[in-house]
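Asks: Could you have a look at this structure, given as structure tokens, before my questions?
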Protein chains: 2
Amino acid sequence: MDNLNLPQHTSHRYNEELEDVRNRVLQMGGLVEQQVTNGLKALLEFDSELGEQVLNADHQINAMEVEIDELCTQVLARRQPAASDLRLVVMVIKTITDLERIGDEAEKLGRVSVSLSSQSRRPAYYAELRHLGEHVKAVLRDTLDAFARMDVDAALRTAKQDGDIDREYDSLSRLLISHMMEDPREVRNILEVSWCARALERIGDHANNICEYVVYLVHGKDIRHTQSRSE
Amino acid sequence: MDNLNLPQHTSHRYNEELEDVRNRVLQMGGLVEQQVTNGLKALLEFDSELGEQVLNADHQINAMEVEIDELCTQVLARRQPAASDLRLVVMVIKTITDLERIGDEAEKLGRVSVSLSSQSRRPAYYAELRHLGEHVKAVLRDTLDAFARMDVDAALRTAKQDGDIDREYDSLSRLLISHMMEDPREVRNILEVSWCARALERIGDHANNICEYVVYLVHGKDIRHTQSRSE
């Protein structure tokens, strides 16, 4: 947390508590990233076993959210943090909501991989879906890095990529619609691809939110609904 | 806030601040509810002017979220609330995130109403969409009532309806898919209906989250990812 220069607290225990909160968010972020990676892999490689694994792991993310929330409330009650410590706790409360929802989107990828596993051949547009998925994964990784290092520049740079993801998603959506119109027998499969693309796009949105919280934490300035979203 | 029995604070100003936070959330909730009502009306009545109005009003909701967030952080810093006051502030920070996202979904309804306004006739399944919309609106109203009165029983009762909304959404989705397969020329229109149904279903999810926060606030017990979602 070099860029933040959090003040050293007279209470050693307090420092440990804040560090604990931060470490748990990073741990939750790691698990969420793993779920997205596995969900996408299960989907693209028709690996319904891995898909099931993603479905079964989601409760861990939910439990971590509840746990970190509780920890934050305790820190607020016992330590009555001020200034950047307070902003850190508020920011964590928001961040874990977005992480949990990224987990929900990853779960959707897992669910589709299970429902598609009975198919004999891949639905169309898997290449495009893979491309979108890799892009979203990279943005998520950069977001969690920016969080870990509390790096505003990296957060702003990463937030800017959300527009690219949205455009990629829009162009894939248009392709999918055309395909459905041309080949109605494929509607059901193409719709599954479309739900997955939507899930990936939403993961990008949540990552964007987290980047904005990093900027808020370090600069004490709320950029939501202003710069990064208007681009 | 009768059911909460918040302690009376020695500082009159502090009481006013907490009351102010609560009132602003109710005000934001009212605006969000209006946006959902208008978005749905614009969509169902082909009123693209009303749809434009919804698009133009969304920034107000965003601004309210940022404002209430800032207010909460100030209260945490200056008043160092404990116990139920602290839970109220944490709960408000979460609630306004969901309200803002309900606003985003309402905006989608407005956007589709504008894009459909050039059509000469209604896409199919408007009756089903209206039914789902009225259900979601009722749940949102009950949610905001439960929040205003901090009524746990009402919150639990309302949260239970989310399962009904999900089922209604699933059955509408199946209808839409069959229709697309039978009449490919309608794919584009039906997909618009499908996005709107999805937006309504997500509004139900966000309302459900808020109900869970009400329970957390009053009981100090976190029911997320447990009771209401497993039903």
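Following the order of the structure tokens, first chain is A, next is B, and so on, with residues numbered from 1 inside each chain and ligands from 1 in the order they appear.
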Could the residues of chain A that have an atom at most 7 Å from chain B be listed as JSON lines, each with its closest atom pair and the distance in Å to one decimal, counting only C-alpha atoms and ordered by chain and ascending residue number?
Replies:
```
{"residue": "A:Asn62", "atom": "CA", "partner": "B:His225", "partner_atom": "CA", "distance": 6.5}
{"residue": "A:Ala77", "atom": "CA", "partner": "B:Ala82", "partner_atom": "CA", "distance": 5.4}
{"residue": "A:Gln80", "atom": "CA", "partner": "B:Gln80", "partner_atom": "CA", "distance": 5.5}
{"residue": "A:Ala82", "atom": "CA", "partner": "B:Ala77", "partner_atom": "CA", "distance": 5.4}
{"residue": "A:Ile177", "atom": "CA", "partner": "B:Arg188", "partner_atom": "CA", "distance": 6.6}
{"residue": "A:Met180", "atom": "CA", "partner": "B:Val187", "partner_atom": "CA", "distance": 6.9}
{"residue": "A:Met181", "atom": "CA", "partner": "B:Pro184", "partner_atom": "CA", "distance": 4.7}
{"residue": "A:Pro184", "atom": "CA", "partner": "B:Met181", "partner_atom": "CA", "distance": 4.7}
{"residue": "A:Arg185", "atom": "CA", "partner": "B:Met181", "partner_atom": "CA", "distance": 6.1}
{"residue": "A:Val187", "atom": "CA", "partner": "B:Met181", "partner_atom": "CA", "distance": 6.0}
{"residue": "A:Arg188", "atom": "CA", "partner": "B:Ile177", "partner_atom": "CA", "distance": 6.6}
{"residue": "A:His225", "atom": "CA", "partner": "B:Asn62", "partner_atom": "CA", "distance": 6.5}
```
Asks: Selected residues, N, CA and C atoms, written as an mmCIF file, in the first residue's frame, please.
Replies:
```cif
data_model
loop_
_atom_site.group_PDB
_atom_site.id
_atom_site.type_symbol
_atom_site.label_atom_id
_atom_site.label_comp_id
_atom_site.auth_asym_id
_atom_site.auth_seq_id
_atom_site.Cartn_x
_atom_site.Cartn_y
_atom_site.Cartn_z
ATOM 1 N N ASN A 62 -19.162 -16.071 -1.504
ATOM 2 C CA ASN A 62 -20.232 -15.451 -0.721
ATOM 3 C C ASN A 62 -19.863 -15.385 0.754
ATOM 4 N N ALA A 77 -16.369 0.016 14.366
ATOM 5 C CA ALA A 77 -16.911 0.169 15.720
ATOM 6 C C ALA A 77 -15.806 0.314 16.756
ATOM 7 N N GLN A 80 -12.788 3.209 15.200
ATOM 8 C CA GLN A 80 -13.236 4.521 14.738
ATOM 9 C C GLN A 80 -12.198 5.197 13.861
ATOM 10 N N ALA A 82 -10.146 7.196 10.978
ATOM 11 C CA ALA A 82 -10.336 8.512 10.376
ATOM 12 C C ALA A 82 -9.577 8.565 9.059
ATOM 13 N N ILE A 177 -26.944 -11.656 -33.283
ATOM 14 C CA ILE A 177 -28.318 -11.383 -33.730
ATOM 15 C C ILE A 177 -28.475 -11.752 -35.213
ATOM 16 N N MET A 180 -28.673 -15.462 -35.594
ATOM 17 C CA MET A 180 -29.961 -16.033 -35.176
ATOM 18 C C MET A 180 -31.028 -15.832 -36.235
ATOM 19 N N MET A 181 -30.974 -14.675 -36.895
ATOM 20 C CA MET A 181 -31.972 -14.404 -37.922
ATOM 21 C C MET A 181 -31.766 -15.310 -39.135
ATOM 22 N N PRO A 184 -32.373 -19.941 -37.583
ATOM 23 C CA PRO A 184 -33.219 -20.019 -36.383
ATOM 24 C C PRO A 184 -32.998 -21.286 -35.558
ATOM 25 N N ARG A 185 -32.527 -22.368 -36.183
ATOM 26 C CA ARG A 185 -32.305 -23.588 -35.391
ATOM 27 C C ARG A 185 -31.209 -23.366 -34.356
ATOM 28 N N VAL A 187 -30.864 -20.599 -32.605
ATOM 29 C CA VAL A 187 -31.221 -19.530 -31.665
ATOM 30 C C VAL A 187 -30.833 -19.877 -30.225
ATOM 31 N N ARG A 188 -31.187 -21.087 -29.828
ATOM 32 C CA ARG A 188 -30.961 -21.466 -28.435
ATOM 33 C C ARG A 188 -29.465 -21.443 -28.077
ATOM 34 N N HIS A 225 -19.275 7.980 -12.256
ATOM 35 C CA HIS A 225 -20.245 8.695 -13.080
ATOM 36 C C HIS A 225 -19.654 9.943 -13.715
#
```
Asks: Find the residues near stretch 145-148 of chain B: any atom within 8 Å, counting only C-alpha atoms, skip ones fewer than 6 places away on the same chain, and give them as a ChimeraX atom specification.
Replies: /B:1,26,154-155,210-211,214
Asks: Between A:Leu88, A:Arg101, A:Val54, A:Glu168, which residue has the minimum interatomic distance to A:Val218, considering only C-alpha atoms?
Replies: A:Leu88
Asks: Have a look at B:Asn56, B:Asn208, B:Gln119, B:Ser84 and name the one nearest to B:Val136; count only C-alpha atoms.
Replies: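 Going through B:Asn56, B:Asn208, B:Gln119, B:Ser84 one by one, the smallest distance to B:Val136 is for B:Asn208.
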Asks: Which of these, B:Gly29, B:Gly204, B:Gly220, B:Gly51, has the shortest distance to B:Glu100 once you count only C-alpha atoms?
Replies: B:Gly29
Asks: For each of A:Ala197, A:Asp104, A:Leu43, A:Val139, take the minimum atom-to-atom distance to A:Lys160, counting only C-alpha atoms, then give the residue where this is smallest.
Replies: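 Selected residue with least distance to A:Lys160: A:Val139.
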Asks: Counting only C-alpha atoms, which of A:Ala199, A:Ala106, A:Leu140, A:Ile190 gets nearest to A:Tyr169?
Replies: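 Looking only at the distances to A:Tyr169, the closest residue turns out to be A:Ala199.
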Asks: Expressed in Å to a single decimal, how great is the separation between atom CA of B:Ser113 and atom CA of A:Asp170?
Replies: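 If I compute the distance from atom CA of B:Ser113 to atom CA of A:Asp170, I get 18.5 Å.
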Asks: For a test of reading the model, state the distance in Å between atom CA of B:Glu107 and atom CA of B:Leu55, rounded to one decimal.
Replies: 5.5 Å
Asks: Need the shell around stretch 133-135 of chain B: protein/DNA/RNA residues with any atom at most 12 Å away, counting only C-alpha atoms. Skip same-chain ones fewer than 6 positions apart. Format as a PyMOL selection string?
Replies: chain B and resi 33+36-41+43-44+106+109+126-127+141-142+158+161-169+172+193+196-204+207
